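Enquirer: Structure file upload-v7.cif, mmCIF, C-alpha atoms, is pasted below:
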data_input
#
loop_
_atom_site.label_atom_id
_atom_site.label_comp_id
_atom_site.auth_asym_id
_atom_site.auth_seq_id
_atom_site.Cartn_x
_atom_site.Cartn_y
_atom_site.Cartn_z
CA MET Y 222 92.91 104.87 85.54
CA GLY Y 223 89.54 106.32 84.64
CA GLY Y 224 87.36 108.35 86.88
CA MET Y 225 87.00 111.91 87.83
CA TRP Y 226 90.48 113.23 87.34
CA HIS Y 227 90.57 111.98 83.79
CA LEU Y 228 87.35 113.75 82.98
CA SER Y 229 88.59 116.98 84.49
CA SER Y 230 91.83 116.91 82.57
CA GLU Y 231 89.97 116.38 79.33
CA LEU Y 232 87.92 119.46 80.00
CA ALA Y 233 90.89 121.48 81.20
CA GLY Y 234 93.18 120.29 78.42
CA SER Y 235 90.84 120.74 75.49
CA GLY Y 236 90.74 124.51 75.86
CA MET Y 237 87.07 124.36 74.95
CA SER Y 238 84.20 125.14 77.22
CA ALA Y 239 82.33 122.19 78.62
CA PRO Y 240 79.35 121.01 76.67
CA ARG Y 241 76.17 122.86 77.59
CA THR Y 242 74.86 120.42 80.11
CA VAL Y 243 73.74 120.92 83.66
CA THR Y 244 76.78 120.38 85.87
CA ILE Y 245 77.04 119.05 89.39
CA GLN Y 246 76.85 121.86 91.94
CA SER Y 247 78.77 121.35 95.15
CA LEU Y 248 79.75 123.33 98.24
CA ASP Y 249 83.30 122.33 97.32
CA PRO Y 250 84.63 124.84 94.76
CA ARG Y 251 87.03 122.19 93.45
CA ILE Y 252 84.10 120.06 92.37
CA ASN Y 253 82.42 123.00 90.63
CA ARG Y 254 85.64 123.73 88.76
CA LEU Y 255 85.59 120.22 87.33
CA ARG Y 256 82.28 121.02 85.61
CA ILE Y 257 81.05 117.46 85.90
CA PRO Y 258 77.87 116.88 83.93
CA ALA Y 259 74.96 116.17 86.26
CA GLU Y 260 74.07 113.24 84.08
CA LEU Y 261 77.20 111.28 83.40
CA PRO Y 262 77.53 109.40 80.14
CA GLU Y 263 77.50 105.64 80.48
CA PHE Y 264 80.82 104.26 81.65
CA THR Y 265 82.54 101.60 79.63
CA PRO Y 266 83.04 98.69 82.00
CA LYS Y 267 86.69 98.02 82.77
CA PRO Y 268 88.14 94.71 81.69
CA MET Y 269 88.15 92.06 84.41
CA LEU Y 270 91.26 91.92 86.61
CA ASP Y 271 92.55 95.15 85.11
CA GLU Y 272 94.12 96.04 88.41
CA TRP Y 273 97.62 96.48 89.72
CA GLU Y 274 98.80 93.39 91.48
CA PRO Y 275 98.79 93.16 95.26
CA TYR Y 276 101.85 93.38 97.48
CA GLU Y 277 102.05 92.47 101.16
CA VAL Y 278 103.47 95.16 103.44
CA PHE Y 279 105.68 94.29 106.43
CA TRP Y 280 106.59 96.98 108.91
CA LYS Y 281 109.50 97.38 111.31
CA GLU Y 282 109.39 99.96 114.02
CA LYS Y 283 113.04 99.69 115.05
CA PRO Y 284 116.17 98.05 113.68
CA GLY Y 285 116.25 94.43 114.76
CA ASP Y 286 112.46 94.19 115.14
CA GLN Y 287 110.63 91.29 113.56
CA PRO Y 288 108.77 92.53 110.49
CA VAL Y 289 105.06 92.73 111.24
CA HIS Y 290 102.51 92.21 108.51
CA VAL Y 291 100.39 95.38 108.37
CA GLY Y 292 98.37 95.03 105.18
CA THR Y 293 98.47 95.08 101.42
CA VAL Y 294 98.89 97.62 98.69
CA ARG Y 295 98.29 97.43 94.94
CA ALA Y 296 100.99 98.73 92.64
CA PRO Y 297 102.39 98.23 89.15
CA ASN Y 298 105.87 97.31 90.45
CA PRO Y 299 107.79 96.93 93.74
CA GLU Y 300 109.15 100.50 93.71
CA MET Y 301 105.68 101.96 93.34
CA ALA Y 302 104.47 99.59 96.05
CA LEU Y 303 107.08 101.14 98.38
CA VAL Y 304 106.04 104.66 97.36
CA LEU Y 305 102.39 103.97 98.12
CA ALA Y 306 102.87 101.81 101.22
CA LYS Y 307 105.16 104.34 102.88
CA GLU Y 308 102.42 106.94 103.27
CA GLY Y 309 99.65 104.38 103.61
CA TYR Y 310 101.16 102.55 106.55
CA CYS Y 311 103.89 104.74 108.06
CA ARG Y 312 102.64 108.32 108.13
CA ARG Y 313 101.12 108.10 111.59
CA GLY Y 314 104.00 106.79 113.65
CA LYS Y 315 107.66 106.03 114.06
CA THR Y 316 108.94 103.62 111.45
CA TYR Y 317 112.36 102.10 110.82
CA THR Y 318 111.57 100.51 107.47
CA ILE Y 319 109.07 98.48 105.50
CA TRP Y 320 109.34 95.35 103.36
CA ILE Y 321 107.30 94.73 100.25
CA VAL Y 322 106.59 91.22 98.98
CA ARG Y 323 104.59 90.35 95.90
CA THR Y 324 101.54 88.49 97.18
CA ALA Y 325 101.99 86.00 94.35
CA ASP Y 326 105.46 85.18 95.72
CA ILE Y 327 104.08 83.96 99.03
CA TYR Y 328 103.65 80.21 99.12
CA THR Y 329 101.15 78.78 101.53
CA PHE Y 330 98.81 75.86 102.00
CA SER Y 331 95.47 75.78 100.40
CA PRO Y 332 92.69 76.42 102.96
CA ASP Y 333 91.54 72.86 102.26
CA ASP Y 334 94.86 71.51 103.44
CA THR Y 335 95.22 73.39 106.71
CA ASP Y 336 94.03 70.27 108.54
CA ILE Y 337 97.52 68.88 108.10
CA PHE Y 338 98.49 71.06 111.07
CA ALA Y 339 96.07 69.28 113.36
CA THR Y 340 97.93 67.06 115.85
CA VAL Y 341 96.25 63.98 117.13
CA PRO Y 342 95.44 64.31 120.84
CA GLU Y 343 97.87 61.62 121.98
CA LYS Y 344 100.83 63.62 120.79
CA THR Y 345 100.36 66.83 122.79
CA TYR Y 346 103.62 65.91 124.60
CA ARG Y 347 105.34 67.17 121.48
CA GLU Y 348 103.88 70.66 121.80
CA PRO Y 349 106.56 72.90 123.21
CA ASP Y 350 104.53 74.69 125.85
CA ALA Y 351 107.66 76.03 127.45
CA TYR Y 352 108.54 77.80 124.22
CA LYS Y 353 105.21 79.53 124.20
CA VAL Y 354 105.95 80.84 127.67
CA VAL Y 355 109.33 82.09 126.53
CA GLN Y 356 107.68 83.93 123.62
CA LYS Y 357 105.17 85.48 126.00
CA ILE Y 358 107.91 86.63 128.36
CA LEU Y 359 109.88 88.12 125.48
CA ARG Y 360 106.79 89.92 124.21
CA LEU Y 361 106.08 91.32 127.64
CA LYS Y 362 109.67 92.48 128.04
CA ARG Y 363 109.61 94.18 124.69
CA GLN Y 364 106.33 95.87 125.53
CA GLN Y 365 107.71 97.14 128.84
CA GLN Y 366 110.79 98.42 127.07
CA ARG Y 367 108.64 100.23 124.56
CA GLU Y 368 106.53 101.80 127.28
CA ARG Y 369 109.65 102.94 129.12
CA SER Y 370 111.15 104.48 125.99
CA SER Y 371 107.91 106.21 125.08
CA GLU Y 372 107.67 107.60 128.62
CA GLU Y 373 111.22 108.91 128.31
CA GLY Y 374 110.29 110.44 124.98
CA GLU Y 375 107.42 112.40 126.46
CA MET M 65 125.65 130.95 116.77
CA THR M 66 126.79 133.43 114.17
CA VAL M 67 125.08 136.77 114.46
CA LEU M 68 124.41 138.06 111.00
CA PRO M 69 124.72 141.79 110.24
CA VAL M 70 121.47 143.77 110.02
CA GLU M 71 122.31 144.79 106.43
CA LEU M 72 121.70 141.19 105.43
CA GLN M 73 118.11 141.18 106.59
CA PRO M 74 116.46 142.25 103.31
CA ALA M 75 118.38 139.53 101.46
CA LEU M 76 117.42 136.90 104.03
CA LYS M 77 113.78 137.93 103.91
CA ASP M 78 113.84 137.76 100.13
CA LEU M 79 115.16 134.19 100.21
CA LEU M 80 112.76 133.09 102.95
CA TYR M 81 109.72 134.60 101.24
CA ARG M 82 110.57 132.97 97.92
CA MET M 83 110.95 129.54 99.51
CA ALA M 84 107.99 129.82 101.86
CA ASP M 85 105.56 131.18 99.28
CA ASP M 86 106.52 128.44 96.81
CA ALA M 87 105.88 125.80 99.48
CA LEU M 88 102.57 127.31 100.61
CA ILE M 89 101.07 127.76 97.16
CA LEU M 90 102.23 124.40 95.85
CA GLY M 91 101.01 122.72 99.04
CA HIS M 92 97.62 124.32 98.51
CA ARG M 93 97.48 123.24 94.87
CA HIS M 94 98.47 119.67 95.79
CA SER M 95 95.84 119.64 98.52
CA GLU M 96 93.19 120.33 95.88
CA TRP M 97 93.65 116.70 94.81
CA THR M 98 92.55 115.41 98.20
CA GLY M 99 89.58 113.11 97.65
CA LEU M 100 89.96 113.27 93.86
CA GLY M 101 93.24 111.36 93.40
CA PRO M 102 93.54 108.58 90.84
CA ILE M 103 93.61 105.76 93.41
CA LEU M 104 93.13 105.66 97.16
CA GLU M 105 96.76 105.05 98.20
CA GLU M 106 97.97 107.78 95.87
CA ASP M 107 95.34 110.17 97.19
CA ILE M 108 96.71 109.57 100.69
CA ALA M 109 100.33 109.90 99.62
CA PHE M 110 99.80 113.08 97.62
CA SER M 111 97.70 114.67 100.37
CA SER M 112 100.42 113.84 102.84
CA ILE M 113 103.00 115.50 100.60
CA ALA M 114 100.72 118.55 100.36
CA GLN M 115 100.60 118.71 104.15
CA ASP M 116 104.40 118.47 104.34
CA LYS M 117 104.69 121.43 101.97
CA ILE M 118 102.40 123.58 104.12
CA GLY M 119 104.53 122.51 107.10
CA HIS M 120 107.67 123.70 105.30
CA ALA M 121 105.99 127.02 104.57
CA TYR M 122 105.11 127.39 108.24
CA ALA M 123 108.67 126.56 109.26
CA LEU M 124 109.94 129.28 106.91
CA TYR M 125 107.43 131.95 107.98
CA GLN M 126 108.66 131.56 111.57
CA PRO M 127 112.20 132.94 111.02
CA LEU M 128 110.56 135.69 108.94
CA HIS M 129 108.47 136.56 111.97
CA GLU M 130 111.64 136.64 114.06
CA LEU M 131 113.09 139.06 111.50
CA GLY M 132 110.20 141.44 112.15
CA GLU M 133 107.54 140.26 109.68
CA PRO M 134 103.96 139.53 110.85
CA ASP M 135 103.12 136.13 112.35
CA PRO M 136 102.87 133.08 110.06
CA ASP M 137 99.04 133.01 109.77
CA ARG M 138 98.93 136.67 108.86
CA ILE M 139 101.73 136.32 106.31
CA ALA M 140 100.07 133.29 104.76
CA PHE M 141 96.43 134.35 104.64
CA PHE M 142 96.26 138.15 104.55
CA ARG M 143 98.63 139.17 101.78
CA ASP M 144 97.48 139.72 98.20
CA ALA M 145 99.20 138.47 95.06
CA PRO M 146 101.64 141.39 94.50
CA ASP M 147 103.17 140.72 97.94
CA PHE M 148 103.86 137.07 97.14
CA ARG M 149 107.27 135.98 95.89
CA CYS M 150 106.39 132.52 94.57
CA CYS M 151 107.26 131.44 91.03
CA HIS M 152 104.57 130.98 88.37
CA LEU M 153 105.07 127.20 88.37
CA VAL M 154 103.28 126.74 91.67
CA GLU M 155 100.36 129.02 90.78
CA TYR M 156 98.91 127.12 87.82
CA PRO M 157 95.70 125.16 88.41
CA ASN M 158 96.18 121.42 88.73
CA GLY M 159 94.79 120.45 85.35
CA GLY M 160 95.30 116.72 84.90
CA TYR M 161 97.35 114.41 87.05
CA ASP M 162 100.05 114.43 84.36
CA PHE M 163 100.63 118.16 84.85
CA SER M 164 100.53 117.90 88.64
CA LEU M 165 103.03 115.03 88.74
CA MET M 166 105.45 116.70 86.37
CA ARG M 167 105.28 119.94 88.34
CA HIS M 168 105.81 117.93 91.53
CA LEU M 169 108.96 116.34 90.07
CA LEU M 170 110.51 119.50 88.64
CA PHE M 171 109.76 121.51 91.77
CA ASP M 172 110.86 118.94 94.31
CA VAL M 173 114.20 118.17 92.68
CA ALA M 174 114.97 121.90 92.85
CA GLU M 175 113.76 121.98 96.44
CA GLN M 176 115.92 119.01 97.37
CA TRP M 177 119.03 120.66 95.91
CA ARG M 178 118.16 123.99 97.51
CA TYR M 179 117.90 122.48 100.97
CA HIS M 180 121.01 120.40 100.35
CA LEU M 181 122.98 123.56 99.54
CA LEU M 182 121.47 125.27 102.58
CA GLU M 183 122.72 122.58 104.97
CA SER M 184 126.04 124.40 105.07
CA SER M 185 124.50 127.89 105.15
CA ARG M 186 125.85 130.46 107.58
CA TYR M 187 122.25 131.35 108.42
CA GLU M 188 121.66 128.80 111.15
CA PRO M 189 117.82 128.68 111.12
CA LEU M 190 117.87 127.65 107.45
CA ALA M 191 120.75 125.20 107.91
CA ARG M 192 118.83 123.57 110.77
CA LEU M 193 115.58 123.41 108.81
CA ALA M 194 117.43 121.95 105.82
CA ARG M 195 118.66 119.06 107.96
CA LYS M 196 115.22 118.58 109.48
CA VAL M 197 113.25 118.30 106.23
CA ARG M 198 115.86 116.23 104.37
CA GLY M 199 114.02 112.92 104.86
CA GLU M 200 110.60 114.29 103.92
CA ILE M 201 111.87 115.84 100.72
CA LYS M 202 113.75 112.68 99.87
CA TYR M 203 110.42 110.85 99.92
CA HIS M 204 108.74 113.56 97.83
CA VAL M 205 111.42 113.19 95.16
CA PHE M 206 111.22 109.38 95.32
CA HIS M 207 107.45 109.55 94.89
CA ALA M 208 107.66 111.98 91.95
CA THR M 209 110.48 110.08 90.26
CA GLN M 210 108.75 106.70 90.45
CA TRP M 211 105.50 108.08 89.08
CA VAL M 212 107.11 109.93 86.18
CA ILE M 213 109.23 106.91 85.22
CA GLN M 214 106.20 104.65 85.58
CA LEU M 215 103.97 106.73 83.34
CA GLY M 216 106.76 107.71 80.94
CA ALA M 217 108.59 104.43 80.42
CA ARG M 218 106.42 101.62 81.74
CA GLY M 219 102.87 102.79 81.05
CA THR M 220 100.92 102.99 77.83
CA GLU M 221 101.44 105.03 74.70
CA GLU M 222 98.85 107.49 76.00
CA SER M 223 100.55 107.91 79.38
CA HIS M 224 103.92 108.45 77.68
CA GLN M 225 102.47 111.04 75.35
CA ARG M 226 100.69 112.88 78.14
CA MET M 227 103.81 112.99 80.30
CA GLN M 228 105.78 114.38 77.34
CA GLN M 229 103.16 117.09 76.82
CA ALA M 230 103.16 117.86 80.53
CA LEU M 231 106.96 118.15 80.51
CA GLU M 232 106.85 120.63 77.65
CA ARG M 233 104.28 122.73 79.47
CA VAL M 234 105.95 122.56 82.89
CA PHE M 235 109.58 123.02 81.84
CA PRO M 236 109.50 126.79 81.04
CA LEU M 237 107.50 127.37 84.23
CA ALA M 238 110.04 125.39 86.24
CA LEU M 239 112.90 127.52 84.93
CA GLY M 240 111.12 130.40 86.64
CA ILE M 241 112.10 128.87 90.00
CA PHE M 242 115.62 130.12 89.33
CA GLU M 243 114.79 133.77 88.56
CA VAL M 244 117.71 135.73 89.95
CA THR M 245 116.84 138.48 92.41
CA PRO M 246 119.00 141.53 93.27
CA TYR M 247 120.07 139.76 96.50
CA ASP M 248 121.49 136.69 94.79
CA GLU M 249 125.13 137.83 94.79
CA LEU M 250 125.04 139.08 98.35
CA LEU M 251 123.57 135.80 99.62
CA ALA M 252 126.34 133.90 97.83
CA ALA M 253 129.11 136.22 99.01
CA GLU M 254 127.93 135.96 102.62
CA GLY M 255 127.85 132.16 102.55
CA ILE M 256 124.09 131.99 102.99
CA PHE M 257 123.06 130.51 99.68
CA PRO M 258 125.28 129.89 96.62
CA GLY M 259 122.75 131.37 94.18
CA GLU M 260 120.07 130.44 91.68
CA ARG M 261 122.47 129.77 88.79
CA VAL M 262 124.30 127.12 90.82
CA LEU M 263 120.98 125.62 91.85
CA GLN M 264 119.66 125.50 88.30
CA GLU M 265 122.79 123.70 87.09
CA ARG M 266 122.48 120.97 89.73
CA TRP M 267 118.77 120.68 89.09
CA LEU M 268 119.17 120.31 85.34
CA GLU M 269 121.63 117.47 85.81
CA THR M 270 119.32 115.50 88.09
CA ILE M 271 116.21 116.22 86.02
CA SER M 272 117.95 115.17 82.79
CA SER M 273 118.73 111.78 84.25
CA VAL M 274 115.18 111.15 85.53
CA ILE M 275 113.64 112.34 82.26
CA GLU M 276 115.94 110.02 80.37
CA GLN M 277 114.90 107.07 82.54
CA ALA M 278 111.31 108.00 81.83
CA THR M 279 112.17 107.88 78.07
CA LEU M 280 110.95 111.47 77.65
CA GLN M 281 112.58 114.32 75.73
CA LEU M 282 113.74 117.29 77.76
CA PRO M 283 113.23 120.58 75.89
CA ASP M 284 116.45 122.47 75.19
CA PRO M 285 116.79 125.08 77.97
CA GLN M 286 118.37 127.46 75.44
CA THR M 287 115.24 127.56 73.27
CA VAL M 288 112.78 127.95 76.13
CA VAL M 289 111.62 131.28 77.58
CA PRO M 290 111.59 130.94 81.38
CA ALA M 291 108.47 132.13 83.19
CA TYR M 292 110.04 134.93 85.22
CA GLY M 293 108.24 137.61 87.25
CA GLY M 294 107.03 135.78 90.32
CA ARG M 295 110.07 136.74 92.39
CA ARG M 296 109.27 140.41 91.69
CA GLY M 297 105.60 140.10 92.59
CA ILE M 298 104.33 139.83 89.03
CA HIS M 299 102.06 136.81 88.94
CA THR M 300 99.72 134.81 86.75
CA GLU M 301 95.97 135.40 86.81
CA TYR M 302 95.63 132.20 88.85
CA LEU M 303 97.29 133.33 92.07
CA GLN M 304 94.78 135.87 93.39
CA PRO M 305 91.71 133.57 93.11
CA LEU M 306 93.72 130.89 94.95
CA LEU M 307 94.57 133.35 97.73
CA ASP M 308 90.94 134.48 97.97
CA GLU M 309 89.78 130.90 98.36
CA MET M 310 92.56 129.89 100.77
CA GLY M 311 91.98 132.91 103.02
CA GLU M 312 88.20 133.05 102.70
CA VAL M 313 87.36 131.66 106.12
CA ILE M 314 90.04 133.37 108.19
CA ARG M 315 89.47 136.70 106.43
CA SER M 316 85.77 136.56 107.21
CA GLU M 317 86.58 136.71 110.94
CA PRO M 318 90.20 137.83 111.31
CA ASP M 319 90.15 138.03 115.09
CA ALA M 320 88.56 134.65 115.72
CA GLU M 321 90.42 132.31 118.07
CA TRP M 322 91.14 128.95 116.44
#
Using structure tokens, write down the structure that the file contains.
Expert:
Amino acid sequence: MGGMWHLSSELAGSGMSAPRTVTIQSLDPRINRLRIPAELPEFTPKPMLDEWEPYEVFWKEKPGDQPVHVGTVRAPNPEMALVLAKEGYCRRGKTYTIWIVRTADIYTFSPDDTDIFATVPEKTYREPDAYKVVQKILRLKRQQQRERSSEEGE
Amino acid sequence: MTVLPVELQPALKDLLYRMADDALILGHRHSEWTGLGPILEEDIAFSSIAQDKIGHAYALYQPLHELGEPDPDRIAFFRDAPDFRCCHLVEYPNGGYDFSLMRHLLFDVAEQWRYHLLESSRYEPLARLARKVRGEIKYHVFHATQWVIQLGARGTEESHQRMQQALERVFPLALGIFEVTPYDELLAAEGIFPGERVLQERWLETISSVIEQATLQLPDPQTVVPAYGGRRGIHTEYLQPLLDEMGEVIRSEPDAEW
């Protein structure tokens, strides 16, 4: 956790005035208060992969909804992932709840192996087209319902 | 709706000003992190919390306006430090993220208890607001708690040490939240708010448990001098410059339409 805030706290916490260097001048008074040297000392490169691990975020608008994958968040543990994902993904609209899953806990096929899903042309009779239609109808119905309820809400 | 006697108005105004000014000034301080937060998601979360706090202040300046005070913008941006009733805790500059997080925790736990106690208040506007902001404040406390436990108990030696130092600096300031005003007893007797002593007791219990989970040492409240004065209009040197900066634009053209 390096970066600007660390620098500022060192200056603020030391009780000493900043070294006599030319500081960055900004229209933003907050930046001026940080007294950031115009020429920054060389940064020590961070160790590789020194990052919080990724979590996948799944969002539910209403109880009973299917969780929808909305993105990822990096965090040091699942609780912090919830803390950060809540504002990251839910602050702009109605939310029922979110799920957090460690990305490493998701098992999937290697991109090289996705050809195992390819069906040979002679077997298209096994593809449940009717099911697809049912899914489409359900989606449409849900969408209409949502539109109705948002109209009522207005 | 219960109609409250006119004699109660000064006491109500005192309570509303204390709460609203705390929320406004802390919201402004938190907002100073916007764009400078330690990581992107946290920058968004903390800025969002800052916005919530300003929203709470606005919601509290409205009943004040109904009680005959000026409108919310005027109350927020045109008063000078001696007219503010916020505690010293919220006035201090942000310093490092350790200080800001610890202040956020100690303030929000008090805020959560205050609103919880107000849910059964006889003063309906506050009881209603308390129910309305319950969820938001629950998230604020969750956010603060997770961060303080993370940096205290699950971080590095440096993060632990810095959180301990922050706690020692913030704790006496936080006790200033509970400075008793001359209206305290009346508010309790009238069933509006049970009083700062009750609040402080509840707060200390919750804080002690979080601080313990964070493996930090809570200073002994008996040996600490609370930072009182804010509730009487006596403030730190940091409040007036904040007000000047916050009101700079609107004061330059007070009659402008926004």
Enquirer: Could you pull the residues within 9 Å of Val289 (chain Y), counting all atoms listed in the file, minus those fewer than 2 positions along the same chain, as a PyMOL selection string?
Expert: chain Y and resi 278-282+286-287+291
Enquirer: How far is it from CA of Glu200 (chain M) to CA of Leu165 (chain M), in Å with one decimal?
Expert: 17.0 Å
Enquirer: Please find the residues of chain M near chain Y - the criterion being any atom within 7 Å, counting only C-alpha atoms - and write them as a list in words.
Expert: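 Putting it all together, I get Glu96, Leu100, Gly101, Pro102, Glu105, Glu106, Ile108, Ala109, Gly159, Gly160, Tyr161, His207 and Gln210 of chain M.
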Enquirer: Okay, now the selection with C-alpha atoms, as a short mmCIF file (atom, residue, chain, number, x, y, z; two decimals), in the coordinates of the input?
Expert:
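Output saved as part13.cif:
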data_model
loop_
_atom_site.label_atom_id
_atom_site.label_comp_id
_atom_site.auth_asym_id
_atom_site.auth_seq_id
_atom_site.Cartn_x
_atom_site.Cartn_y
_atom_site.Cartn_z
CA GLU M 96 93.19 120.33 95.88
CA LEU M 100 89.96 113.27 93.86
CA GLY M 101 93.24 111.36 93.40
CA PRO M 102 93.54 108.58 90.84
CA GLU M 105 96.76 105.05 98.20
CA GLU M 106 97.97 107.78 95.87
CA ILE M 108 96.71 109.57 100.69
CA ALA M 109 100.33 109.90 99.62
CA GLY M 159 94.79 120.45 85.35
CA GLY M 160 95.30 116.72 84.90
CA TYR M 161 97.35 114.41 87.05
CA HIS M 207 107.45 109.55 94.89
CA GLN M 210 108.75 106.70 90.45
#
Enquirer: Can you tell me, as a PDB file with C-alpha atoms, in the frame of the given file, what residues are no more than 9 Å from Thr324 (chain Y) when counting all atoms listed in the file, ignoring any on the same chain fewer than 6 positions away?
Expert:
ATOM      1  CA  GLU Y 274      98.800  93.390  91.480  1.00  0.00           C
ATOM      2  CA  PRO Y 275      98.790  93.160  95.260  1.00  0.00           C
ATOM      3  CA  TYR Y 276     101.850  93.380  97.480  1.00  0.00           C
ATOM      4  CA  GLU Y 277     102.050  92.470 101.160  1.00  0.00           C
ATOM      5  CA  THR Y 293      98.470  95.080 101.420  1.00  0.00           C
TER       6      THR Y 293
END
Enquirer: For the atom pair CA of Asp144 (chain M) and CA of His94 (chain M), what is the interatomic distance in Å to one decimal place?
Expert: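 Taking CA of Asp144 (chain M) as the start and CA of His94 (chain M) as the end point, the length is 20.2 Å.
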Enquirer: Counting only C-alpha atoms, what is within 10 Å of region 238-252 of chain M, bar same-chain residues fewer than 5 positions away, as a VMD selection string?
Expert: chain M and resid 72 74 to 79 82 to 83 86 150 to 154 166 to 167 169 to 171 174 to 175 185 to 187 231 233 257 to 265 267 to 268 285 288 to 296
Enquirer: Work out how far CA of Tyr81 (chain M) is from CA of Leu131 (chain M), in Å to one decimal.
Expert: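 Value for the CA of Leu131 (chain M)-CA of Tyr81 (chain M) distance: 11.7 Å.
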Enquirer: With all atoms listed in the file as the atoms that count, which of M:Phe110, M:Tyr125, M:Trp322, M:Phe148 lies nearest to Leu307 (chain M)?
Expert: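 Using all atoms listed in the file, Leu307 (chain M) sits closest to M:Phe148.
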Enquirer: Applying the PyMOL selection byres ((chain M and resi 228) around 12) to the file I just gave you, which residues come out? Please list them as a VMD selection string.
Expert: chain M and resid 162 to 163 165 to 166 212 to 213 215 to 217 221 to 227 229 to 235 275 to 276 278 to 283
Enquirer: Selection in question (the file shown): the PyMOL selection byres ((chain M and resi 181) around 9). Which residues does it include, as a ChimeraX atom specification?
Expert: /M:176-180,182-185,191,194,257-258,263
Enquirer: Dump C-alpha atoms for the selected residues as a compact mmCIF listing (two decimals), in the coordinates of the input?
Expert:
# COMPACT_ATOMS: atom_id res chain seq x y z
CA GLN M 176 115.92 119.01 97.37
CA TRP M 177 119.03 120.66 95.91
CA ARG M 178 118.16 123.99 97.51
CA TYR M 179 117.90 122.48 100.97
CA HIS M 180 121.01 120.40 100.35
CA LEU M 182 121.47 125.27 102.58
CA GLU M 183 122.72 122.58 104.97
CA SER M 184 126.04 124.40 105.07
CA SER M 185 124.50 127.89 105.15
CA ALA M 191 120.75 125.20 107.91
CA ALA M 194 117.43 121.95 105.82
CA PHE M 257 123.06 130.51 99.68
CA PRO M 258 125.28 129.89 96.62
CA LEU M 263 120.98 125.62 91.85
Enquirer: List the residues matched by the PyMOL selection byres ((chain M and resi 157) around 9) in the displayed structure as a list in words, ordered by chain and then by residue number.
Expert: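 Evaluating the PyMOL selection byres ((chain M and resi 157) around 9) on this file yields Arg93, Val154, Glu155, Tyr156, Asn158, Gly159, Ser164, Tyr302 and Leu306 of chain M.
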Enquirer: Give me, as an NGL selection string, all polymer residues having an atom no more than 8 Å from Val205 (chain M), counting only C-alpha atoms and skipping those fewer than 3 positions away in the same chain.
Expert: :M and (169 or 172-173 or 176 or 201-202 or 208-209)
Enquirer: So that I can see what lies close to Gln115 (chain M), please list as a list in words the residues with an atom at most 7 Å from it, counting all atoms listed in the file and leaving out residues fewer than 4 positions away in the same chain.
Expert: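 The neighbour list is Gly91, Ser111 and Gly119 of chain M.
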Enquirer: List every protein, DNA or RNA residue that has at least one atom no more than 12 Å from (94.9, 142.0, 98.4) in the file's coordinates, counting all atoms listed in the file, and write the result as JSON, numbers by chain.
Expert: {"M": [139, 140, 141, 142, 143, 144, 145, 146, 147, 148, 303, 304, 305, 306, 307, 308, 311, 312, 315]}
